[in-house]
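See below for the structure under consideration.
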Amino acid sequence: SMSVDRLEKYAQADLLKTQAEELLAKNPADWRGLSWRGEIALDEGRLDAAIADLRSAFQTLSNLPANTNEATARLNADEKDRTRGMLFQ
(Lines give C-alpha, C1' and ligand atoms only; values in the text may rest on other atoms or scores of the structure.)
Protein backbone atom coordinates (compact mmCIF):
# COMPACT_ATOMS: atom_id res chain seq x y z
CA SER A 1 0.00 0.00 0.00
CA MET A 2 1.09 3.59 -0.63
CA SER A 3 1.66 6.09 2.15
CA VAL A 4 -0.38 9.31 2.16
CA ASP A 5 2.74 11.35 1.31
CA ARG A 6 3.61 9.09 -1.58
CA LEU A 7 0.04 9.10 -2.89
CA GLU A 8 -0.06 12.91 -2.69
CA LYS A 9 3.27 13.17 -4.53
CA TYR A 10 1.94 10.84 -7.23
CA ALA A 11 -1.22 12.95 -7.64
CA GLN A 12 0.83 16.16 -7.86
CA ALA A 13 3.20 14.62 -10.41
CA ASP A 14 0.23 13.43 -12.46
CA LEU A 15 -1.28 16.94 -12.45
CA LEU A 16 2.08 18.49 -13.37
CA LYS A 17 2.47 15.98 -16.20
CA THR A 18 -0.97 16.89 -17.55
CA GLN A 19 -0.20 20.62 -17.37
CA ALA A 20 3.14 20.11 -19.12
CA GLU A 21 1.47 18.11 -21.90
CA GLU A 22 -1.16 20.83 -22.37
CA LEU A 23 1.47 23.58 -22.61
CA LEU A 24 3.60 21.57 -25.03
CA ALA A 25 0.59 20.71 -27.20
CA LYS A 26 0.04 24.45 -27.71
CA ASN A 27 3.75 25.28 -28.07
CA PRO A 28 6.38 22.50 -28.27
CA ALA A 29 9.06 25.03 -27.17
CA ASP A 30 7.22 26.24 -24.04
CA TRP A 31 9.94 26.46 -21.38
CA ARG A 32 7.56 25.73 -18.51
CA GLY A 33 6.25 22.59 -20.17
CA LEU A 34 9.76 21.44 -21.05
CA SER A 35 11.04 22.15 -17.56
CA TRP A 36 8.15 20.34 -15.86
CA ARG A 37 8.36 17.36 -18.21
CA GLY A 38 12.11 17.24 -17.65
CA GLU A 39 11.65 17.37 -13.89
CA ILE A 40 9.19 14.48 -14.04
CA ALA A 41 11.53 12.46 -16.26
CA LEU A 42 14.38 13.13 -13.80
CA ASP A 43 12.23 11.95 -10.91
CA GLU A 44 11.33 8.80 -12.87
CA GLY A 45 14.99 8.08 -13.62
CA ARG A 46 14.68 8.70 -17.36
CA LEU A 47 17.89 10.70 -17.56
CA ASP A 48 18.20 11.07 -21.35
CA ALA A 49 14.67 12.48 -21.64
CA ALA A 50 15.21 14.71 -18.60
CA ILE A 51 18.45 16.14 -19.95
CA ALA A 52 16.95 16.80 -23.38
CA ASP A 53 13.91 18.63 -21.98
CA LEU A 54 15.85 20.57 -19.35
CA ARG A 55 18.47 21.67 -21.89
CA SER A 56 15.71 22.84 -24.24
CA ALA A 57 14.00 24.73 -21.42
CA PHE A 58 17.29 26.32 -20.36
CA GLN A 59 18.07 27.34 -23.96
CA THR A 60 14.63 28.89 -24.37
CA LEU A 61 14.97 30.79 -21.08
CA SER A 62 18.42 32.00 -22.14
CA ASN A 63 16.98 33.40 -25.38
CA LEU A 64 14.04 35.31 -23.88
CA PRO A 65 14.05 39.00 -24.78
CA ALA A 66 15.63 41.31 -22.22
CA ASN A 67 12.87 43.89 -22.61
CA THR A 68 10.40 42.10 -20.33
CA ASN A 69 9.20 43.77 -17.15
CA GLU A 70 11.30 43.44 -14.00
CA ALA A 71 9.05 40.89 -12.23
CA THR A 72 8.95 38.64 -15.29
CA ALA A 73 12.71 38.97 -15.79
CA ARG A 74 13.30 37.99 -12.14
CA LEU A 75 10.97 34.99 -12.44
CA ASN A 76 12.70 33.90 -15.65
CA ALA A 77 16.13 34.20 -14.01
CA ASP A 78 14.93 32.13 -11.04
CA GLU A 79 13.50 29.46 -13.35
CA LYS A 80 16.71 29.44 -15.38
CA ASP A 81 18.73 28.85 -12.19
CA ARG A 82 16.32 26.10 -11.05
CA THR A 83 16.52 24.39 -14.44
CA ARG A 84 20.31 24.65 -14.48
CA GLY A 85 20.35 23.11 -11.01
CA MET A 86 18.36 20.10 -12.18
CA LEU A 87 20.74 19.59 -15.10
CA PHE A 88 23.69 19.37 -12.73
CA GLN A 89 21.95 17.19 -10.14
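A note on labels: chains of the C-alpha coordinates are A, B, ... as shown, every chain counts residues from 1, and ligands are counted from 1 in their shown order.
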- Message: If we count only C-alpha atoms and set the cut-off at 9 Å, which residues sit around Asp30 (chain A), ignoring sequence neighbours fewer than 5 positions away in its own chain? Please answer as an MDAnalysis selection string.
- Response: chainID A and resid 20 23:24 35 57 60
- Task: Using only C-alpha atoms, pick whichever of A:Asp53, A:Ala77, A:Ala11, A:Leu47 has the shortest atom-to-atom distance to Pro28 (chain A).
- Result: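 Nearest candidate to Pro28 (chain A) out of A:Asp53, A:Ala77, A:Ala11, A:Leu47: A:Asp53.
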- What gap, in Å, lies between CA of Gly45 (chain A) and CA of Asp14 (chain A)? 15.7 Å
- Task: Can you pull out every residue within 10 Å of region 38-44 of chain A, counting only C-alpha atoms, but drop anything in the same chain fewer than 5 positions away, and send it as a list in words?
- Result: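 Counting only the stated atoms, we get Ala13, Asp14, Leu16, Lys17, Ala20, Arg32, Gly33, Ala49, Ala50, Ile51, Ala52, Asp53, Leu54, Arg55, Ser56, Ala57, Thr83, Met86, Leu87 and Gln89 of chain A.
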- Message: With DSSP run on the backbone, what are the helix (DSSP H, G or I) residues within region 12-66 of chain A? I'd like them as an MDAnalysis selection string.
- Response: chainID A and resid 12:26 31:43 47:62
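Of the residues listed (A:Gln12, A:Gln19, A:Asn27, A:Gln59), A:Gln59 shows the shortest atom-to-atom separation from Glu79 (chain A); distances use only C-alpha atoms.
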- Item | Between CA of Trp31 (chain A) and CA of Arg46 (chain A), distance in Å (one decimal) |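 These two atoms are separated by 18.8 Å.
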